[in-house]
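Here is the file protein.txt (compact mmCIF, C-alpha atoms (C1' of nucleotides)).
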# COMPACT_ATOMS: atom_id res chain seq x y z
CA MET A 1 -17.97 -33.98 15.52
CA LYS A 2 -18.17 -30.49 14.12
CA LYS A 3 -15.51 -29.71 11.60
CA GLU A 4 -13.01 -27.52 13.32
CA ILE A 5 -10.41 -25.58 11.43
CA ALA A 6 -7.15 -24.97 13.19
CA PRO A 7 -6.43 -21.26 13.82
CA ARG A 8 -3.33 -21.43 11.70
CA ASP A 9 -5.31 -22.69 8.72
CA LYS A 10 -8.09 -20.22 9.35
CA VAL A 11 -5.64 -17.34 9.27
CA PHE A 12 -4.06 -18.69 6.14
CA GLN A 13 -7.34 -19.10 4.32
CA THR A 14 -8.58 -15.65 5.26
CA ALA A 15 -5.27 -14.01 4.38
CA SER A 16 -5.17 -15.83 1.05
CA ARG A 17 -8.63 -14.64 0.10
CA LEU A 18 -8.01 -11.05 1.19
CA PHE A 19 -4.58 -10.82 -0.45
CA TYR A 20 -5.95 -12.18 -3.69
CA GLN A 21 -9.04 -10.02 -3.83
CA ASN A 22 -7.87 -6.76 -2.29
CA GLY A 23 -4.11 -6.77 -2.73
CA TYR A 24 -1.17 -7.30 -0.44
CA ARG A 25 -0.52 -3.76 0.73
CA ALA A 26 -4.20 -2.94 1.13
CA VAL A 27 -4.82 -5.74 3.62
CA GLY A 28 -3.50 -5.32 7.16
CA VAL A 29 -2.82 -7.96 9.77
CA ASP A 30 -5.54 -6.53 12.00
CA THR A 31 -8.08 -7.11 9.26
CA ILE A 32 -6.82 -10.64 8.68
CA ALA A 33 -7.02 -11.48 12.37
CA ALA A 34 -10.46 -9.93 12.76
CA LYS A 35 -11.95 -11.60 9.68
CA SER A 36 -10.40 -14.89 10.71
CA GLY A 37 -12.01 -14.60 14.10
CA ILE A 38 -8.72 -15.24 15.85
CA GLY A 39 -6.44 -13.19 18.03
CA LYS A 40 -3.64 -11.14 16.66
CA MET A 41 -1.05 -12.87 18.80
CA THR A 42 -2.14 -16.24 17.49
CA LEU A 43 -1.51 -14.98 13.99
CA TYR A 44 1.96 -13.74 14.86
CA ARG A 45 2.73 -17.00 16.66
CA HIS A 46 2.28 -18.94 13.42
CA TYR A 47 3.54 -16.27 11.03
CA PRO A 48 6.17 -14.05 12.67
CA ALA A 49 5.76 -11.36 10.02
CA LYS A 50 3.26 -10.30 7.40
CA ASP A 51 5.79 -11.09 4.70
CA ASP A 52 5.90 -14.68 5.92
CA LEU A 53 2.16 -14.88 5.41
CA ILE A 54 2.51 -13.44 1.93
CA VAL A 55 5.26 -15.87 1.00
CA ALA A 56 3.26 -18.77 2.44
CA TYR A 57 0.27 -17.77 0.35
CA LEU A 58 2.39 -17.52 -2.78
CA LYS A 59 4.07 -20.87 -2.24
CA ASN A 60 0.70 -22.48 -1.70
CA SER A 61 -0.61 -20.80 -4.85
CA ASP A 62 2.34 -22.24 -6.72
CA GLN A 63 1.48 -25.69 -5.38
CA LEU A 64 -2.17 -25.32 -6.35
CA PHE A 65 -1.19 -24.10 -9.80
CA TRP A 66 0.88 -27.16 -10.53
CA ASN A 67 -1.63 -29.56 -9.01
CA ASN A 68 -4.26 -28.06 -11.25
CA PHE A 69 -1.89 -28.05 -14.21
CA GLU A 70 -1.24 -31.73 -13.75
CA LEU A 71 -4.91 -32.47 -13.35
CA ILE A 72 -5.90 -30.49 -16.42
CA THR A 73 -3.24 -31.92 -18.71
CA ARG A 74 -3.37 -35.48 -17.44
CA ASP A 75 -5.91 -36.76 -19.93
CA ALA A 76 -4.37 -35.05 -22.92
CA ALA A 77 -2.55 -37.48 -25.15
CA THR A 78 -0.06 -35.16 -26.83
CA ALA A 79 1.99 -32.20 -25.67
CA CYS A 80 0.04 -30.04 -28.07
CA GLU A 81 -3.21 -31.10 -26.47
CA LYS A 82 -1.78 -30.52 -23.02
CA LEU A 83 -1.01 -26.92 -23.88
CA LEU A 84 -4.43 -26.42 -25.35
CA ALA A 85 -6.11 -28.02 -22.37
CA PHE A 86 -4.31 -25.59 -20.10
CA PHE A 87 -5.40 -22.55 -22.09
CA GLN A 88 -8.96 -23.77 -22.33
CA SER A 89 -9.01 -24.24 -18.58
CA LEU A 90 -7.48 -20.81 -18.06
CA GLN A 91 -10.02 -19.24 -20.38
CA GLU A 92 -12.79 -20.72 -18.27
CA TYR A 93 -11.16 -19.58 -15.08
CA VAL A 94 -10.55 -15.96 -16.00
CA LYS A 95 -14.20 -15.45 -16.80
CA SER A 96 -15.35 -16.85 -13.49
CA PRO A 97 -16.17 -14.49 -10.62
CA THR A 98 -13.62 -16.25 -8.41
CA CYS A 99 -10.74 -14.97 -10.53
CA TYR A 100 -8.90 -11.87 -9.43
CA GLY A 101 -5.94 -12.16 -11.74
CA CYS A 102 -2.65 -13.84 -10.92
CA PRO A 103 -1.25 -13.75 -7.37
CA PHE A 104 2.28 -13.65 -8.74
CA LEU A 105 1.74 -10.82 -11.19
CA ASN A 106 -0.08 -8.94 -8.46
CA VAL A 107 2.72 -9.27 -5.96
CA ALA A 108 5.32 -8.31 -8.54
CA THR A 109 3.33 -5.18 -9.29
CA GLU A 110 2.90 -4.18 -5.67
CA TYR A 111 6.49 -4.96 -4.74
CA PRO A 112 8.59 -4.14 -7.80
CA GLU A 113 11.91 -4.58 -6.00
CA THR A 114 13.21 -7.90 -7.26
CA ASP A 115 14.87 -8.70 -3.96
CA TYR A 116 11.57 -8.64 -2.09
CA PRO A 117 10.81 -12.19 -0.89
CA GLY A 118 7.38 -12.28 -2.49
CA HIS A 119 8.73 -11.06 -5.80
CA GLN A 120 11.35 -13.77 -5.67
CA VAL A 121 8.76 -16.50 -5.25
CA ALA A 122 6.73 -15.00 -8.07
CA LEU A 123 9.74 -14.94 -10.36
CA GLU A 124 10.56 -18.55 -9.61
CA HIS A 125 7.00 -19.57 -10.30
CA LYS A 126 6.80 -17.75 -13.61
CA GLN A 127 10.15 -19.10 -14.63
CA SER A 128 8.94 -22.62 -13.93
CA VAL A 129 5.90 -22.04 -16.10
CA ARG A 130 8.12 -20.77 -18.88
CA ILE A 131 10.27 -23.85 -18.65
CA ARG A 132 7.27 -26.16 -18.63
CA PHE A 133 5.88 -24.40 -21.67
CA ARG A 134 9.20 -24.89 -23.42
CA GLN A 135 9.23 -28.58 -22.65
CA LEU A 136 5.75 -29.00 -24.02
CA ALA A 137 6.48 -26.84 -27.06
CA LYS A 138 9.49 -28.98 -27.78
CA GLU A 139 7.52 -32.19 -27.33
CA ALA A 140 4.80 -30.81 -29.56
CA GLY A 141 7.36 -30.42 -32.32
CA ALA A 142 7.46 -26.66 -32.56
CA LYS A 143 10.11 -25.30 -34.86
CA LYS A 144 11.18 -22.72 -32.30
CA PRO A 145 9.94 -24.08 -28.98
CA ASP A 146 11.41 -21.26 -26.90
CA VAL A 147 9.73 -18.64 -29.04
CA LEU A 148 6.37 -20.39 -28.94
CA ALA A 149 6.63 -20.89 -25.19
CA ASP A 150 7.23 -17.21 -24.55
CA GLN A 151 4.43 -16.18 -26.87
CA LEU A 152 2.02 -18.44 -25.03
CA PHE A 153 3.41 -17.05 -21.80
CA LEU A 154 2.43 -13.54 -22.86
CA LEU A 155 -1.06 -14.71 -23.70
CA MET A 156 -1.43 -16.32 -20.29
CA ASP A 157 -0.41 -13.26 -18.32
CA GLY A 158 -2.41 -11.00 -20.59
CA ALA A 159 -5.47 -13.08 -19.75
CA TYR A 160 -4.81 -12.88 -16.03
CA MET A 161 -4.48 -9.12 -16.18
CA ALA A 162 -7.58 -8.81 -18.34
CA SER A 163 -9.48 -10.53 -15.58
CA ARG A 164 -8.18 -8.23 -12.87
CA MET A 165 -8.72 -5.13 -14.94
CA PHE A 166 -12.14 -5.85 -16.43
CA GLY A 167 -13.65 -8.47 -14.15
CA ILE A 168 -15.89 -11.11 -15.69
CA LYS A 169 -16.47 -9.31 -18.97
CA ASN A 170 -12.87 -9.31 -20.13
CA PRO A 171 -11.11 -9.66 -23.47
CA ALA A 172 -9.87 -13.18 -22.74
CA ALA A 173 -12.87 -14.94 -24.23
CA HIS A 174 -10.81 -16.11 -27.19
CA LEU A 175 -7.67 -16.97 -25.33
CA ALA A 176 -7.59 -20.65 -26.24
CA GLU A 177 -8.20 -19.85 -29.88
CA ALA A 178 -5.21 -17.52 -29.86
CA ALA A 179 -3.06 -20.19 -28.25
CA GLN A 180 -4.20 -22.66 -30.89
CA THR A 181 -3.27 -20.24 -33.65
CA LEU A 182 0.21 -19.63 -32.27
CA ILE A 183 0.81 -23.35 -31.79
CA ASP A 184 -0.38 -24.22 -35.28
CA ALA A 185 1.80 -21.55 -36.83
CA SER A 186 4.78 -22.87 -34.92
CA LEU A 187 4.30 -26.41 -36.21
CA GLU A 188 3.89 -25.99 -39.92
CA MET B 189 18.13 32.54 -18.70
CA LYS B 190 18.22 29.41 -16.61
CA LYS B 191 15.46 26.98 -17.44
CA GLU B 192 13.04 27.11 -14.54
CA ILE B 193 10.45 24.43 -14.02
CA ALA B 194 7.29 25.52 -12.30
CA PRO B 195 6.75 23.79 -8.94
CA ARG B 196 3.53 22.24 -10.20
CA ASP B 197 5.33 20.61 -13.10
CA LYS B 198 8.20 19.55 -10.90
CA VAL B 199 5.83 17.78 -8.55
CA PHE B 200 4.06 16.14 -11.44
CA GLN B 201 7.25 14.87 -13.04
CA THR B 202 8.62 13.51 -9.80
CA ALA B 203 5.32 11.88 -8.84
CA SER B 204 5.01 10.32 -12.29
CA ARG B 205 8.42 8.77 -12.10
CA LEU B 206 7.98 7.47 -8.57
CA PHE B 207 4.48 6.11 -9.19
CA TYR B 208 5.61 4.31 -12.29
CA GLN B 209 8.76 2.82 -10.83
CA ASN B 210 7.77 2.09 -7.25
CA GLY B 211 4.00 1.85 -7.31
CA TYR B 212 1.18 4.10 -6.19
CA ARG B 213 0.68 2.89 -2.64
CA ALA B 214 4.40 2.60 -1.95
CA VAL B 215 5.08 6.26 -2.71
CA GLY B 216 3.95 8.86 -0.16
CA VAL B 217 3.34 12.55 -0.64
CA ASP B 218 6.21 13.40 1.70
CA THR B 219 8.58 11.51 -0.55
CA ILE B 220 7.20 13.21 -3.64
CA ALA B 221 7.55 16.65 -2.10
CA ALA B 222 11.05 15.95 -0.81
CA LYS B 223 12.35 14.49 -4.08
CA SER B 224 10.74 17.35 -5.98
CA GLY B 225 12.54 19.84 -3.80
CA ILE B 226 9.33 21.68 -3.06
CA GLY B 227 7.21 22.21 0.03
CA LYS B 228 4.40 19.91 0.97
CA MET B 229 1.87 22.70 1.02
CA THR B 230 2.78 23.71 -2.50
CA LEU B 231 2.03 20.18 -3.58
CA TYR B 232 -1.36 20.19 -1.90
CA ARG B 233 -2.14 23.61 -3.35
CA HIS B 234 -1.90 22.22 -6.87
CA TYR B 235 -3.18 18.73 -6.13
CA PRO B 236 -5.66 18.74 -3.23
CA ALA B 237 -5.32 14.97 -2.71
CA LYS B 238 -2.92 12.23 -3.60
CA ASP B 239 -5.60 10.61 -5.73
CA ASP B 240 -5.76 13.77 -7.83
CA LEU B 241 -2.07 13.39 -8.51
CA ILE B 242 -2.55 9.75 -9.45
CA VAL B 243 -5.42 10.56 -11.79
CA ALA B 244 -3.44 13.41 -13.34
CA TYR B 245 -0.53 11.07 -13.97
CA LEU B 246 -2.81 8.46 -15.55
CA LYS B 247 -4.55 10.97 -17.80
CA ASN B 248 -1.21 12.29 -18.93
CA SER B 249 -0.03 8.73 -19.57
CA ASP B 250 -3.11 8.18 -21.68
CA GLN B 251 -2.28 11.30 -23.67
CA LEU B 252 1.31 10.22 -24.16
CA PHE B 253 0.19 6.75 -25.21
CA TRP B 254 -2.00 8.06 -27.98
CA ASN B 255 0.52 10.64 -29.10
CA ASN B 256 3.06 7.87 -29.43
CA PHE B 257 0.54 5.57 -31.05
CA GLU B 258 -0.20 8.18 -33.68
CA LEU B 259 3.47 8.84 -34.22
CA ILE B 260 4.31 5.17 -34.55
CA THR B 261 1.51 4.28 -36.91
CA ARG B 262 1.61 7.42 -39.01
CA ASP B 263 3.97 6.15 -41.65
CA ALA B 264 2.30 2.77 -42.01
CA ALA B 265 0.28 2.50 -45.19
CA THR B 266 -2.22 -0.18 -44.21
CA ALA B 267 -4.11 -0.98 -41.03
CA CYS B 268 -2.24 -4.24 -40.83
CA GLU B 269 1.06 -2.42 -40.93
CA LYS B 270 -0.15 0.03 -38.31
CA LEU B 271 -0.88 -2.81 -35.90
CA LEU B 272 2.47 -4.38 -36.59
CA ALA B 273 4.26 -1.08 -36.17
CA PHE B 274 2.68 -0.68 -32.77
CA PHE B 275 3.73 -4.12 -31.59
CA GLN B 276 7.23 -3.69 -32.91
CA SER B 277 7.49 -0.43 -31.03
CA LEU B 278 6.08 -2.03 -27.91
CA GLN B 279 8.54 -4.89 -28.18
CA GLU B 280 11.37 -2.40 -28.26
CA TYR B 281 9.97 -0.46 -25.34
CA VAL B 282 9.40 -3.37 -22.96
CA LYS B 283 13.01 -4.42 -23.24
CA SER B 284 14.31 -0.96 -22.44
CA PRO B 285 15.37 -0.11 -18.88
CA THR B 286 12.89 2.78 -18.81
CA CYS B 287 9.94 0.40 -18.91
CA TYR B 288 8.26 -0.53 -15.67
CA GLY B 289 5.16 -2.12 -17.11
CA CYS B 290 1.88 -0.37 -17.79
CA PRO B 291 0.67 2.44 -15.51
CA PHE B 292 -2.92 1.38 -16.05
CA LEU B 293 -2.43 -2.30 -15.29
CA ASN B 294 -0.40 -1.30 -12.27
CA VAL B 295 -3.08 0.97 -10.86
CA ALA B 296 -5.78 -1.60 -11.49
CA THR B 297 -3.75 -4.14 -9.58
CA GLU B 298 -3.08 -1.87 -6.64
CA TYR B 299 -6.63 -0.54 -6.49
CA PRO B 300 -8.88 -3.45 -7.56
CA GLU B 301 -12.12 -1.66 -6.65
CA THR B 302 -13.57 -0.62 -9.99
CA ASP B 303 -15.08 2.53 -8.54
CA TYR B 304 -11.69 3.90 -7.55
CA PRO B 305 -10.97 6.98 -9.69
CA GLY B 306 -7.62 5.68 -10.92
CA HIS B 307 -9.10 2.32 -11.87
CA GLN B 308 -11.81 4.13 -13.80
CA VAL B 309 -9.28 6.06 -15.86
CA ALA B 310 -7.37 2.84 -16.48
CA LEU B 311 -10.50 1.06 -17.64
CA GLU B 312 -11.37 3.85 -20.03
CA HIS B 313 -7.87 3.84 -21.44
CA LYS B 314 -7.81 0.09 -22.00
CA GLN B 315 -11.27 0.18 -23.50
CA SER B 316 -10.11 2.84 -25.94
CA VAL B 317 -7.18 0.67 -26.95
CA ARG B 318 -9.52 -2.26 -27.49
CA ILE B 319 -11.75 -0.17 -29.70
CA ARG B 320 -8.81 1.16 -31.68
CA PHE B 321 -7.54 -2.38 -32.19
CA ARG B 322 -10.98 -3.37 -33.45
CA GLN B 323 -11.06 -0.55 -35.93
CA LEU B 324 -7.67 -1.48 -37.26
CA ALA B 325 -8.52 -5.19 -37.32
CA LYS B 326 -11.62 -4.40 -39.32
CA GLU B 327 -9.72 -2.17 -41.71
CA ALA B 328 -7.10 -4.86 -42.09
CA GLY B 329 -9.79 -7.21 -43.29
CA ALA B 330 -9.82 -9.67 -40.42
CA LYS B 331 -12.54 -12.26 -40.56
CA LYS B 332 -13.41 -11.72 -36.91
CA PRO B 333 -12.01 -8.30 -36.08
CA ASP B 334 -13.29 -8.29 -32.50
CA VAL B 335 -11.64 -11.62 -31.80
CA LEU B 336 -8.33 -10.57 -33.32
CA ALA B 337 -8.41 -7.27 -31.46
CA ASP B 338 -8.85 -8.97 -28.10
CA GLN B 339 -6.17 -11.51 -28.83
CA LEU B 340 -3.73 -8.76 -29.67
CA PHE B 341 -4.88 -6.97 -26.54
CA LEU B 342 -3.86 -9.95 -24.43
CA LEU B 343 -0.45 -10.02 -26.06
CA MET B 344 0.06 -6.34 -25.33
CA ASP B 345 -0.77 -6.58 -21.64
CA GLY B 346 1.18 -9.79 -21.30
CA ALA B 347 4.21 -7.97 -22.64
CA TYR B 348 3.76 -5.09 -20.21
CA MET B 349 3.53 -7.48 -17.29
CA ALA B 350 6.50 -9.47 -18.50
CA SER B 351 8.52 -6.29 -18.33
CA ARG B 352 7.42 -5.46 -14.80
CA MET B 353 7.94 -9.01 -13.60
CA PHE B 354 11.26 -9.86 -15.25
CA GLY B 355 12.82 -6.51 -16.05
CA ILE B 356 14.88 -6.20 -19.21
CA LYS B 357 15.34 -9.92 -19.77
CA ASN B 358 11.67 -10.74 -20.27
CA PRO B 359 9.73 -13.15 -22.46
CA ALA B 360 8.43 -10.42 -24.76
CA ALA B 361 11.29 -10.63 -27.22
CA HIS B 362 9.05 -12.25 -29.83
CA LEU B 363 5.97 -10.14 -29.21
CA ALA B 364 5.74 -8.66 -32.69
CA GLU B 365 6.18 -12.06 -34.27
CA ALA B 366 3.24 -13.35 -32.24
CA ALA B 367 1.11 -10.41 -33.28
CA GLN B 368 2.05 -11.06 -36.89
CA THR B 369 1.03 -14.70 -36.58
CA LEU B 370 -2.34 -13.85 -35.08
CA ILE B 371 -3.02 -11.23 -37.70
CA ASP B 372 -2.06 -13.52 -40.55
CA ALA B 373 -4.26 -16.29 -39.21
CA SER B 374 -7.16 -13.90 -38.96
CA LEU B 375 -6.86 -12.82 -42.60
CA GLU B 376 -6.63 -16.04 -44.50
C1' DG C 377 7.27 51.54 -0.74
C1' DT C 378 3.16 48.39 -0.04
C1' DG C 379 0.13 44.87 -0.39
C1' DC C 380 -0.43 40.34 -2.46
C1' DT C 381 0.55 35.92 -3.92
C1' DA C 382 3.36 31.84 -4.32
C1' DC C 383 6.50 29.39 -2.05
C1' DG C 384 9.57 26.49 1.38
C1' DA C 385 9.95 24.70 5.86
C1' DT C 386 8.13 22.84 9.78
C1' DA C 387 5.04 21.31 13.15
C1' DC C 388 0.97 19.05 13.92
C1' DA C 389 -3.53 16.13 14.02
C1' DG C 390 -5.64 11.96 13.32
C1' DA C 391 -5.67 7.68 11.28
C1' DC C 392 -3.54 3.42 10.17
C1' DC C 393 0.16 0.03 10.09
C1' DT C 394 3.35 -3.67 11.97
C1' DG C 395 4.76 -6.00 15.73
C1' DT C 396 4.93 -6.73 21.05
C1' DA C 397 3.29 -7.21 25.80
C1' DT C 398 -0.10 -8.65 29.10
C1' DC C 399 -3.85 -11.13 31.08
C1' DG C 400 -7.42 -14.35 31.61
C1' DT C 401 -9.44 -18.53 29.76
C1' DT C 402 -9.93 -22.94 27.66
C1' DC C 403 -8.31 -27.11 26.19
C1' DT C 404 -5.40 -31.16 26.45
C1' DC C 405 -2.43 -34.42 28.29
C1' DT C 406 -0.98 -36.99 32.05
C1' DA D 407 -7.08 -32.97 39.53
C1' DG D 408 -3.37 -30.23 37.99
C1' DA D 409 0.25 -28.42 34.84
C1' DG D 410 1.22 -26.45 30.58
C1' DA D 411 0.33 -25.04 25.99
C1' DA D 412 -2.66 -22.64 22.82
C1' DC D 413 -5.78 -19.22 22.33
C1' DG D 414 -8.78 -14.63 22.30
C1' DA D 415 -8.92 -9.99 23.63
C1' DT D 416 -6.90 -5.83 24.42
C1' DA D 417 -3.68 -2.33 25.15
C1' DC D 418 0.40 -0.42 23.64
C1' DA D 419 4.87 1.25 21.24
C1' DG D 420 6.88 3.20 17.38
C1' DG D 421 6.57 4.28 12.80
C1' DT D 422 4.30 6.06 8.59
C1' DC D 423 0.64 7.93 6.02
C1' DT D 424 -2.61 11.77 4.40
C1' DG D 425 -3.89 16.20 4.95
C1' DT D 426 -3.86 20.82 7.63
C1' DA D 427 -2.06 24.83 10.06
C1' DT D 428 1.44 28.18 10.84
C1' DC D 429 5.20 31.17 9.90
C1' DG D 430 8.71 33.56 7.44
C1' DT D 431 10.32 35.02 2.93
C1' DA D 432 10.95 36.24 -1.85
C1' DG D 433 9.12 38.07 -5.99
C1' DC D 434 5.81 41.02 -8.35
C1' DA D 435 2.23 44.40 -9.43
C1' DC D 436 0.73 48.95 -8.48
Could you quickly redo this structure as structure tokens?
Amino acid sequence: MKKEIAPRDKVFQTASRLFYQNGYRAVGVDTIAAKSGIGKMTLYRHYPAKDDLIVAYLKNSDQLFWNNFELITRDAATACEKLLAFFQSLQEYVKSPTCYGCPFLNVATEYPETDYPGHQVALEHKQSVRIRFRQLAKEAGAKKPDVLADQLFLLMDGAYMASRMFGIKNPAAHLAEAAQTLIDASLE
Amino acid sequence: MKKEIAPRDKVFQTASRLFYQNGYRAVGVDTIAAKSGIGKMTLYRHYPAKDDLIVAYLKNSDQLFWNNFELITRDAATACEKLLAFFQSLQEYVKSPTCYGCPFLNVATEYPETDYPGHQVALEHKQSVRIRFRQLAKEAGAKKPDVLADQLFLLMDGAYMASRMFGIKNPAAHLAEAAQTLIDASLE
DNA sequence: GTGCTACGATACAGACCTGTATCGTTCTCT
DNA sequence: AGAGAACGATACAGGTCTGTATCGTAGCAC
């Protein structure tokens, strides 16, 4: 009864890790297959093209993001506390060694063409976050919820990039405090 | 008396534009040479490796950044106004069609290894900006200048990434207002 | 004129990349 | 037991990338 991981999942996990850590263009399918310990043809049987693997990784990242978002904000009573809980969680995350920035910002940087499939998924994800922020800002009673949402959005992505640029010792140590300040200013 | 551009400069200008718009890995030396209208060997005579061209572009970008920073903040009387002037200028820039994000964030994303020459230059640049922000935050009379500086830093990079991700219609329209809020909160 | 240097154009070497083809094996289902 | 699907390994095709080598030419100093 050894725990066996299906080849498809193994490929996906390895590709996810390599894409996230090393970048999309820098990682080749040969490397993914080799590090997965599976054959190249098996990889291509499940993912007909590298782009499919990239898109699959991004869509899964989107899923994980929202699962985590729901988990993090579940116990917060108010919309204001939900936003804060998210930024506190993010602040913790970006100073952990498992953080290599944001998969969506990374893919948008490596593939700037907006019609690239990966960029599309990234755009949709970020747009969803924006909208969620707006909902919460509205619920929280912000005077200009759209403005607050976008300002928080900038903070979030700035924190992600700080992590990728600087590693663990990055300037995002006071992220949550900044979010708090912006929220407070938007309420009064 | 036709204005002649030296081949070296032509290569540099073309490479700069292509790197910034399309990314570092996506642009090959053949493309740079072809679009410059010069021979490949001429390119390699002036820049022995592609990485040299990348580093040259980044160092020049650093120079341009500080020249612009000085220009923008020159007429501001106080440190607080200098910071605000910078963020107002940045807000204008990131919504212009000539903005493709931040060359330094881009290179750090495409080459995550911190020992890569381009990543090194990017780190030094960002560190310099951080330090400059701290100086200004201190001069402005912030209670915790280091905290304010890093918070503003996150806003800046978030705005750059918003531009690269969304293009002209990005969430950085209220960047300066956010900077103002953070500064105000840090003074009182 | 005569070297000399910078240059453009082109071909090339070697590596790497994506994606395909082939073959033998192992596992599962019946 | 036997058929068929999934798999691992490997070789390969065609393209692209970085960097080098070669050749002919145009401008410039002396």
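Distances to chain B were evaluated for A:Leu84, A:Ile54, A:Leu43, A:Ala26 using all atoms listed in the file, and the minimum falls at A:Ala26.
The residue set within 12 Å of DA387 in chain C, counting all atoms listed in the file and dropping same-chain residues fewer than 4 places from it, reads DT426, DA427, DT428 and DC429 of chain D.
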Show me a table, sorted first by chain and then by increasing residue number, of the residues of chain A having an atom at most 7 Å from chain D, each with its shortest atom pair and the distance in Å to one decimal, counting all atoms listed in the file and written as a tab-separated table.
residue	atom	partner	partner_atom	distance
A:Ile38	CA	D:DG414	C1'	6.5
A:Gly39	CA	D:DG414	C1'	5.1
A:Thr42	CA	D:DC413	C1'	6.7
Any chance you could export the current selection's C-alpha atoms as a short mmCIF file (atom, residue, chain, number, x, y, z; two decimals), in the frame of the given file?
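Output below, filename again-v2.cif:
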data_model
loop_
_atom_site.label_atom_id
_atom_site.label_comp_id
_atom_site.auth_asym_id
_atom_site.auth_seq_id
_atom_site.Cartn_x
_atom_site.Cartn_y
_atom_site.Cartn_z
CA ILE A 38 -8.72 -15.24 15.85
CA GLY A 39 -6.44 -13.19 18.03
CA THR A 42 -2.14 -16.24 17.49
#
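A straight line drawn from CA of Lys169 in chain A to CA of Gln151 in chain A is 23.4 Å long.
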Which residue out of B:His234, B:Lys228, B:Lys314, B:Arg320 has the minimum interatomic distance to chain A when all atoms listed in the file are used? B:Lys314
Can you measure CA of Ala325 in chain B to CA of Phe153 in chain A for me? One decimal in Å is fine. 22.9 Å
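Across the structure, CA of Thr14 in chain A and CA of Ala33 in chain A are spaced 8.4 Å apart.
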For Thr181 in chain A, work out the shell of residues within 10 Å, counting all atoms listed in the file and skipping chain neighbours fewer than 5 positions away, then give it as a PyMOL selection string. (chain A and resi 175-176+186) or (chain B and resi 366+369-374)
Would you save the residues of that selection, restricted to C-alpha atoms, as a PDB file, in the frame of the given file?
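Okay, this is what ended up in again-v7.pdb:
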ATOM      1  CA  LEU A 175      -7.670 -16.970 -25.330  1.00  0.00           C
ATOM      2  CA  ALA A 176      -7.590 -20.650 -26.240  1.00  0.00           C
ATOM      3  CA  SER A 186       4.780 -22.870 -34.920  1.00  0.00           C
TER       4      SER A 186
ATOM      5  CA  ALA B 366       3.240 -13.350 -32.240  1.00  0.00           C
ATOM      6  CA  THR B 369       1.030 -14.700 -36.580  1.00  0.00           C
ATOM      7  CA  LEU B 370      -2.340 -13.850 -35.080  1.00  0.00           C
ATOM      8  CA  ILE B 371      -3.020 -11.230 -37.700  1.00  0.00           C
ATOM      9  CA  ASP B 372      -2.060 -13.520 -40.550  1.00  0.00           C
ATOM     10  CA  ALA B 373      -4.260 -16.290 -39.210  1.00  0.00           C
ATOM     11  CA  SER B 374      -7.160 -13.900 -38.960  1.00  0.00           C
TER      12      SER B 374
END
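Every polymer residue reaching to within 7 Å of (-1.4, -3.1, -32.1), counting all atoms listed in the file, appears in this list: Leu271, Leu272, Phe274, Phe275, Phe321 and Leu340 of chain B.
Taking all atoms listed in the file into account, the residues near (14.3, -0.5, -19.2), no farther than 10 Å, are Glu280, Tyr281, Val282, Lys283, Ser284, Pro285, Thr286, Cys287, Tyr288, Gly289, Ser351, Arg352, Gly355, Ile356 and Lys357 of chain B.
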Check every residue of chain A for an atom within 6 Å of chain B, counting only C-alpha atoms, and provide those that qualify as a compact mmCIF listing (two decimals) with C-alpha atoms, keeping the file's coordinate frame.
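Once everything was written out, this is result_30.txt:
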# COMPACT_ATOMS: atom_id res chain seq x y z
CA ALA A 108 5.32 -8.31 -8.54
CA ASP A 150 7.23 -17.21 -24.55
CA LEU A 154 2.43 -13.54 -22.86
CA LEU A 155 -1.06 -14.71 -23.70
CA ASP A 157 -0.41 -13.26 -18.32
CA GLY A 158 -2.41 -11.00 -20.59
CA ALA A 159 -5.47 -13.08 -19.75
CA MET A 165 -8.72 -5.13 -14.94
CA PRO A 171 -11.11 -9.66 -23.47
Cα RMSD of chain B on chain A, all Cα atoms paired in order, least-squares fit? 0.1 Å
Identify all chain C residues at most 9 Å from chain A by counting only C-alpha atoms (C1' of nucleotides); ligands do not count. Present them as a PyMOL selection string. chain C and resi 393-396
I want to know what sits within 10 Å of Leu246 in chain B, based on only C-alpha atoms (C1' of nucleotides), with residues of the same chain fewer than 5 positions away left out; could you give that as number ranges by chain? B: 204, 207-208, 240-241, 251-252, 291-292, 295, 306-307, 309-310, 313
Spatial neighbours of Leu259 in chain B, 12 Å, all atoms listed in the file, chain gap at least 5 places, as JSON, numbers by chain: {"B": [252, 253, 254, 264, 270, 273, 274, 277]}
